[in-house]
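Visitor: Input file: run28.txt. Contents: compact mmCIF, N, CA and C atoms.
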```txt
# COMPACT_ATOMS: atom_id res chain seq x y z
N MET L 3 -38.50 53.29 -44.41
CA MET L 3 -38.38 54.38 -43.47
C MET L 3 -37.47 55.45 -44.04
N ILE L 4 -37.86 56.71 -43.89
CA ILE L 4 -37.10 57.82 -44.42
C ILE L 4 -36.11 58.30 -43.36
N SER L 5 -34.86 58.49 -43.77
CA SER L 5 -33.84 58.98 -42.86
C SER L 5 -33.60 60.46 -43.13
N LEU L 6 -33.73 61.29 -42.10
CA LEU L 6 -33.56 62.73 -42.25
C LEU L 6 -32.39 63.19 -41.40
N ASP L 7 -31.58 64.14 -41.94
CA ASP L 7 -30.55 64.73 -41.10
C ASP L 7 -31.18 65.82 -40.24
N SER L 8 -30.40 66.37 -39.30
CA SER L 8 -30.96 67.32 -38.33
C SER L 8 -31.50 68.59 -39.01
N LYS L 9 -30.86 69.05 -40.08
CA LYS L 9 -31.33 70.25 -40.78
C LYS L 9 -32.70 70.00 -41.41
N GLN L 10 -32.89 68.83 -42.00
CA GLN L 10 -34.17 68.49 -42.60
C GLN L 10 -35.25 68.36 -41.54
N LYS L 11 -34.91 67.78 -40.38
CA LYS L 11 -35.88 67.62 -39.30
C LYS L 11 -36.35 68.98 -38.79
N GLN L 12 -35.45 69.97 -38.74
CA GLN L 12 -35.83 71.29 -38.27
C GLN L 12 -36.73 71.99 -39.27
N SER L 13 -36.54 71.74 -40.57
CA SER L 13 -37.32 72.44 -41.59
C SER L 13 -38.72 71.84 -41.73
N ILE L 14 -38.88 70.60 -41.31
CA ILE L 14 -40.19 69.95 -41.40
C ILE L 14 -40.91 70.14 -40.07
N ARG L 15 -42.12 70.68 -40.14
CA ARG L 15 -42.87 70.94 -38.92
C ARG L 15 -44.06 69.99 -38.87
N LEU L 16 -43.88 68.87 -38.20
CA LEU L 16 -44.93 67.86 -38.08
C LEU L 16 -45.50 67.90 -36.67
N LEU L 17 -46.82 67.98 -36.58
CA LEU L 17 -47.51 68.00 -35.29
C LEU L 17 -48.80 67.21 -35.41
N PRO L 18 -49.26 66.63 -34.29
CA PRO L 18 -50.60 66.05 -34.30
C PRO L 18 -51.64 67.17 -34.46
N LEU L 19 -52.73 66.89 -35.10
CA LEU L 19 -53.80 67.87 -35.30
C LEU L 19 -54.27 68.45 -33.98
N SER L 20 -54.26 67.67 -32.93
CA SER L 20 -54.74 68.14 -31.63
C SER L 20 -53.89 69.27 -31.05
N GLN L 21 -52.66 69.46 -31.55
CA GLN L 21 -51.78 70.50 -31.03
C GLN L 21 -51.79 71.79 -31.86
N LEU L 22 -52.49 71.79 -32.99
CA LEU L 22 -52.57 73.00 -33.79
C LEU L 22 -53.49 74.01 -33.13
N LEU L 23 -53.20 75.28 -33.33
CA LEU L 23 -54.01 76.35 -32.78
C LEU L 23 -55.04 76.80 -33.80
N SER L 24 -56.06 77.49 -33.33
CA SER L 24 -57.09 78.02 -34.23
C SER L 24 -56.42 78.92 -35.27
N GLY L 25 -56.80 78.73 -36.53
CA GLY L 25 -56.25 79.51 -37.62
C GLY L 25 -55.07 78.88 -38.33
N GLN L 26 -54.43 77.89 -37.72
CA GLN L 26 -53.30 77.24 -38.37
C GLN L 26 -53.80 76.27 -39.44
N SER L 27 -52.98 76.07 -40.46
CA SER L 27 -53.36 75.17 -41.54
C SER L 27 -52.19 74.27 -41.89
N GLY L 28 -52.51 73.19 -42.58
CA GLY L 28 -51.48 72.25 -42.98
C GLY L 28 -52.03 71.12 -43.82
N LYS L 29 -51.15 70.19 -44.09
CA LYS L 29 -51.47 69.04 -44.94
C LYS L 29 -51.36 67.77 -44.11
N ILE L 30 -52.31 66.87 -44.28
CA ILE L 30 -52.28 65.59 -43.58
C ILE L 30 -51.19 64.72 -44.21
N VAL L 31 -50.23 64.28 -43.39
CA VAL L 31 -49.14 63.44 -43.91
C VAL L 31 -49.20 62.01 -43.40
N ASP L 32 -49.93 61.77 -42.30
CA ASP L 32 -50.02 60.41 -41.77
C ASP L 32 -51.21 60.30 -40.83
N ILE L 33 -51.71 59.09 -40.71
CA ILE L 33 -52.74 58.76 -39.73
C ILE L 33 -52.18 57.57 -38.95
N THR L 34 -51.83 57.81 -37.68
CA THR L 34 -51.11 56.80 -36.90
C THR L 34 -52.09 55.97 -36.08
N SER L 35 -52.84 55.14 -36.77
CA SER L 35 -53.82 54.29 -36.09
C SER L 35 -54.10 53.07 -36.94
N GLY L 36 -55.00 52.28 -36.45
CA GLY L 36 -55.39 51.07 -37.17
C GLY L 36 -56.37 51.37 -38.30
N TRP L 37 -56.79 50.34 -38.96
CA TRP L 37 -57.63 50.50 -40.14
C TRP L 37 -59.03 51.00 -39.79
N HIS L 38 -59.52 50.76 -38.57
CA HIS L 38 -60.85 51.25 -38.19
C HIS L 38 -60.94 52.77 -38.28
N LEU L 39 -59.98 53.46 -37.68
CA LEU L 39 -60.00 54.92 -37.72
C LEU L 39 -59.71 55.43 -39.12
N ARG L 40 -58.77 54.81 -39.82
CA ARG L 40 -58.49 55.23 -41.21
C ARG L 40 -59.76 55.12 -42.07
N ARG L 41 -60.48 54.02 -41.92
CA ARG L 41 -61.71 53.83 -42.68
C ARG L 41 -62.74 54.88 -42.32
N ARG L 42 -62.92 55.14 -41.03
CA ARG L 42 -63.89 56.14 -40.58
C ARG L 42 -63.55 57.54 -41.12
N LEU L 43 -62.28 57.91 -41.05
CA LEU L 43 -61.87 59.21 -41.57
C LEU L 43 -62.07 59.29 -43.08
N ASN L 44 -61.76 58.20 -43.79
CA ASN L 44 -62.01 58.18 -45.24
C ASN L 44 -63.49 58.34 -45.56
N GLN L 45 -64.36 57.74 -44.75
CA GLN L 45 -65.80 57.84 -44.97
C GLN L 45 -66.32 59.27 -44.83
N ILE L 46 -65.68 60.05 -43.95
CA ILE L 46 -66.14 61.43 -43.77
C ILE L 46 -65.30 62.42 -44.61
N GLY L 47 -64.45 61.89 -45.48
CA GLY L 47 -63.74 62.75 -46.43
C GLY L 47 -62.39 63.26 -45.99
N ILE L 48 -61.75 62.60 -45.04
CA ILE L 48 -60.43 63.02 -44.56
C ILE L 48 -59.41 61.99 -45.01
N HIS L 49 -58.45 62.44 -45.85
CA HIS L 49 -57.47 61.54 -46.44
C HIS L 49 -56.07 62.11 -46.30
N ILE L 50 -55.06 61.24 -46.36
CA ILE L 50 -53.68 61.69 -46.40
C ILE L 50 -53.50 62.53 -47.66
N GLY L 51 -52.85 63.68 -47.50
CA GLY L 51 -52.63 64.59 -48.62
C GLY L 51 -53.59 65.76 -48.66
N ASP L 52 -54.66 65.70 -47.87
CA ASP L 52 -55.66 66.78 -47.84
C ASP L 52 -55.13 67.98 -47.05
N GLN L 53 -55.52 69.17 -47.50
CA GLN L 53 -55.22 70.41 -46.79
C GLN L 53 -56.38 70.72 -45.85
N LEU L 54 -56.07 71.27 -44.67
CA LEU L 54 -57.13 71.64 -43.73
C LEU L 54 -56.75 72.89 -42.97
N VAL L 55 -57.76 73.52 -42.36
CA VAL L 55 -57.57 74.69 -41.51
C VAL L 55 -58.28 74.40 -40.19
N VAL L 56 -57.61 74.69 -39.07
CA VAL L 56 -58.23 74.52 -37.76
C VAL L 56 -59.08 75.75 -37.47
N LYS L 57 -60.36 75.54 -37.31
CA LYS L 57 -61.29 76.64 -37.01
C LYS L 57 -61.38 76.89 -35.51
N ARG L 58 -61.33 75.81 -34.71
CA ARG L 58 -61.41 75.96 -33.25
C ARG L 58 -60.73 74.77 -32.59
N ASN L 59 -59.90 75.08 -31.60
CA ASN L 59 -59.25 74.05 -30.79
C ASN L 59 -59.10 74.63 -29.39
N THR L 60 -59.67 73.97 -28.41
CA THR L 60 -59.63 74.47 -27.04
C THR L 60 -58.60 73.71 -26.22
N VAL L 61 -58.05 74.38 -25.24
CA VAL L 61 -57.04 73.79 -24.37
C VAL L 61 -57.67 72.80 -23.39
N LEU L 62 -58.87 73.06 -22.95
CA LEU L 62 -59.50 72.26 -21.90
C LEU L 62 -60.19 70.99 -22.42
N GLY L 63 -59.98 70.65 -23.65
CA GLY L 63 -60.62 69.47 -24.20
C GLY L 63 -61.73 69.84 -25.16
N GLY L 64 -62.53 68.89 -25.49
CA GLY L 64 -63.59 69.13 -26.46
C GLY L 64 -63.08 68.85 -27.86
N PRO L 65 -63.98 68.90 -28.82
CA PRO L 65 -63.61 68.55 -30.19
C PRO L 65 -62.77 69.63 -30.87
N VAL L 66 -62.03 69.20 -31.90
CA VAL L 66 -61.27 70.10 -32.76
C VAL L 66 -62.13 70.32 -34.00
N LEU L 67 -62.44 71.57 -34.30
CA LEU L 67 -63.25 71.91 -35.47
C LEU L 67 -62.32 72.27 -36.61
N ILE L 68 -62.44 71.54 -37.73
CA ILE L 68 -61.58 71.79 -38.89
C ILE L 68 -62.42 72.13 -40.11
N LEU L 69 -61.79 72.82 -41.04
CA LEU L 69 -62.40 73.11 -42.34
C LEU L 69 -61.60 72.33 -43.37
N ILE L 70 -62.27 71.41 -44.06
CA ILE L 70 -61.62 70.56 -45.06
C ILE L 70 -62.61 70.33 -46.19
N HIS L 71 -62.19 70.53 -47.42
CA HIS L 71 -63.05 70.37 -48.59
C HIS L 71 -64.32 71.23 -48.46
N HIS L 72 -64.18 72.45 -47.97
CA HIS L 72 -65.28 73.41 -47.82
C HIS L 72 -66.36 72.94 -46.84
N CYS L 73 -66.01 72.01 -45.95
CA CYS L 73 -66.94 71.52 -44.93
C CYS L 73 -66.28 71.64 -43.56
N GLU L 74 -67.09 71.99 -42.56
CA GLU L 74 -66.58 72.00 -41.19
C GLU L 74 -66.89 70.65 -40.54
N ILE L 75 -65.86 70.05 -39.94
CA ILE L 75 -65.99 68.75 -39.30
C ILE L 75 -65.40 68.83 -37.91
N ALA L 76 -66.10 68.30 -36.91
CA ALA L 76 -65.60 68.25 -35.54
C ALA L 76 -65.05 66.85 -35.27
N LEU L 77 -63.83 66.81 -34.77
CA LEU L 77 -63.17 65.55 -34.43
C LEU L 77 -62.84 65.55 -32.94
N GLY L 78 -63.02 64.42 -32.29
CA GLY L 78 -62.63 64.29 -30.90
C GLY L 78 -61.11 64.38 -30.75
N LYS L 79 -60.66 64.72 -29.55
CA LYS L 79 -59.21 64.86 -29.29
C LYS L 79 -58.46 63.57 -29.59
N GLY L 80 -59.07 62.42 -29.27
CA GLY L 80 -58.41 61.15 -29.53
C GLY L 80 -58.12 60.93 -31.00
N MET L 81 -59.11 61.23 -31.84
CA MET L 81 -58.90 61.13 -33.29
C MET L 81 -57.87 62.15 -33.76
N ALA L 82 -57.99 63.37 -33.26
CA ALA L 82 -57.10 64.45 -33.70
C ALA L 82 -55.64 64.17 -33.35
N GLU L 83 -55.40 63.46 -32.25
CA GLU L 83 -54.02 63.14 -31.87
C GLU L 83 -53.37 62.15 -32.83
N LYS L 84 -54.16 61.41 -33.56
CA LYS L 84 -53.62 60.38 -34.46
C LYS L 84 -53.45 60.88 -35.89
N ILE L 85 -53.83 62.13 -36.15
CA ILE L 85 -53.69 62.72 -37.48
C ILE L 85 -52.47 63.64 -37.45
N ILE L 86 -51.45 63.30 -38.24
CA ILE L 86 -50.20 64.07 -38.25
C ILE L 86 -50.25 65.08 -39.40
N ILE L 87 -49.93 66.34 -39.05
CA ILE L 87 -50.05 67.46 -39.98
C ILE L 87 -48.68 68.08 -40.23
N HIS L 88 -48.42 68.42 -41.49
CA HIS L 88 -47.26 69.25 -41.85
C HIS L 88 -47.76 70.67 -41.95
N LEU L 89 -47.30 71.52 -41.03
CA LEU L 89 -47.77 72.90 -40.98
C LEU L 89 -47.37 73.69 -42.22
N ASN L 90 -48.29 74.53 -42.71
CA ASN L 90 -47.97 75.44 -43.80
C ASN L 90 -47.11 76.56 -43.25
N GLU L 91 -46.23 77.05 -44.06
CA GLU L 91 -45.33 78.15 -43.64
C GLU L 91 -46.07 79.45 -43.52
```
So that I can check it, write out the structure of this file as structure tokens.

Guide:
Amino acid sequence: MISLDSKQKQSIRLLPLSQLLSGQSGKIVDITSGWHLRRRLNQIGIHIGDQLVVKRNTVLGGPVLILIHHCEIALGKGMAEKIIIHLNE
């Protein structure tokens, strides 16, 4: 486990993918789920360390549309909540 002081915590902007707004981009740093979801995401080309851009994310629910590896992929809110993103500055 990594220990961060308060200054480091403020400089790191980690959010679940489901909370990113349209147009925001970042890097996948963690997938907080079991091996089933990790395997499914790997099968469709989503891995820890990948860069992505949110193309569409609605407040009222529905899928999150992302651009990753030059492909648009729609993910359900449940999946998107388990993907942790480090926001680009």

Visitor: Just checking: using only N, CA and C atoms, which residue out of L:Ala82, L:Leu54, L:Leu67, L:Leu89 ends up closest to Gln21 of chain L?

Guide: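 Comparing L:Ala82, L:Leu54, L:Leu67, L:Leu89 against Gln21 of chain L, the winner is L:Ala82.
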
Visitor: Using all atoms listed in the file, can you tell me which of L:Val61, L:Ile87, L:Ile70, L:Val56 comes closest to Arg15 of chain L?

Guide: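 Looking only at the distances to Arg15 of chain L, the closest residue turns out to be L:Ile87.
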
Visitor: Within 10 Å of segment 23-28 of chain L, counting only C-alpha atoms, which residues qualify if same-chain residues fewer than 2 places away don't, as a list in words?

Guide: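 Here the qualifying residues turn out to be Arg15, Leu16, Leu17, Leu19, Ser20, Gln21, Ile30, Val31, Gly51, Asp52, Gln53, Leu54, Val55, Val56, Lys57, Arg58, Asn59, Thr60, Val61, Val66, Leu67, Ile68, Leu69, Ile86, Ile87, His88, Leu89, Asn90 and Glu91 of chain L.
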
Visitor: Using Å and a single decimal, report how far atom CA of Gly63 of chain L sits from atom CA of Gly47 of chain L.

Guide: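 According to the coordinates, atom CA of Gly47 of chain L and atom CA of Gly63 of chain L are separated by 23.4 Å.
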
Visitor: How many Å separate atom C of Ile33 of chain L from atom N of Glu83 of chain L?

Guide: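 Atom N of Glu83 of chain L lies at a distance of 9.5 Å from atom C of Ile33 of chain L.
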
Visitor: Hey, what does DSSP flag as alpha helix (DSSP H) within chain L? Can you give it to me as a PyMOL selection string?

Guide: chain L and resi 8-13+37-45+79-83

Visitor: Enumerate, as JSON, numbers by chain, the complete set of residues in chain L that a backbone-based DSSP assignment places in strand (DSSP E).

Guide: {"L": [16, 17, 18, 27, 28, 29, 30, 31, 32, 33, 53, 54, 55, 56, 57, 58, 66, 67, 68, 69, 70, 73, 74, 75, 76, 77, 85, 86, 87, 88, 89]}

Visitor: Atom N of Leu62 of chain L and atom N of Glu74 of chain L are how many Å apart?

Guide: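 Separation between atom N of Leu62 of chain L and atom N of Glu74 of chain L: 21.3 Å.
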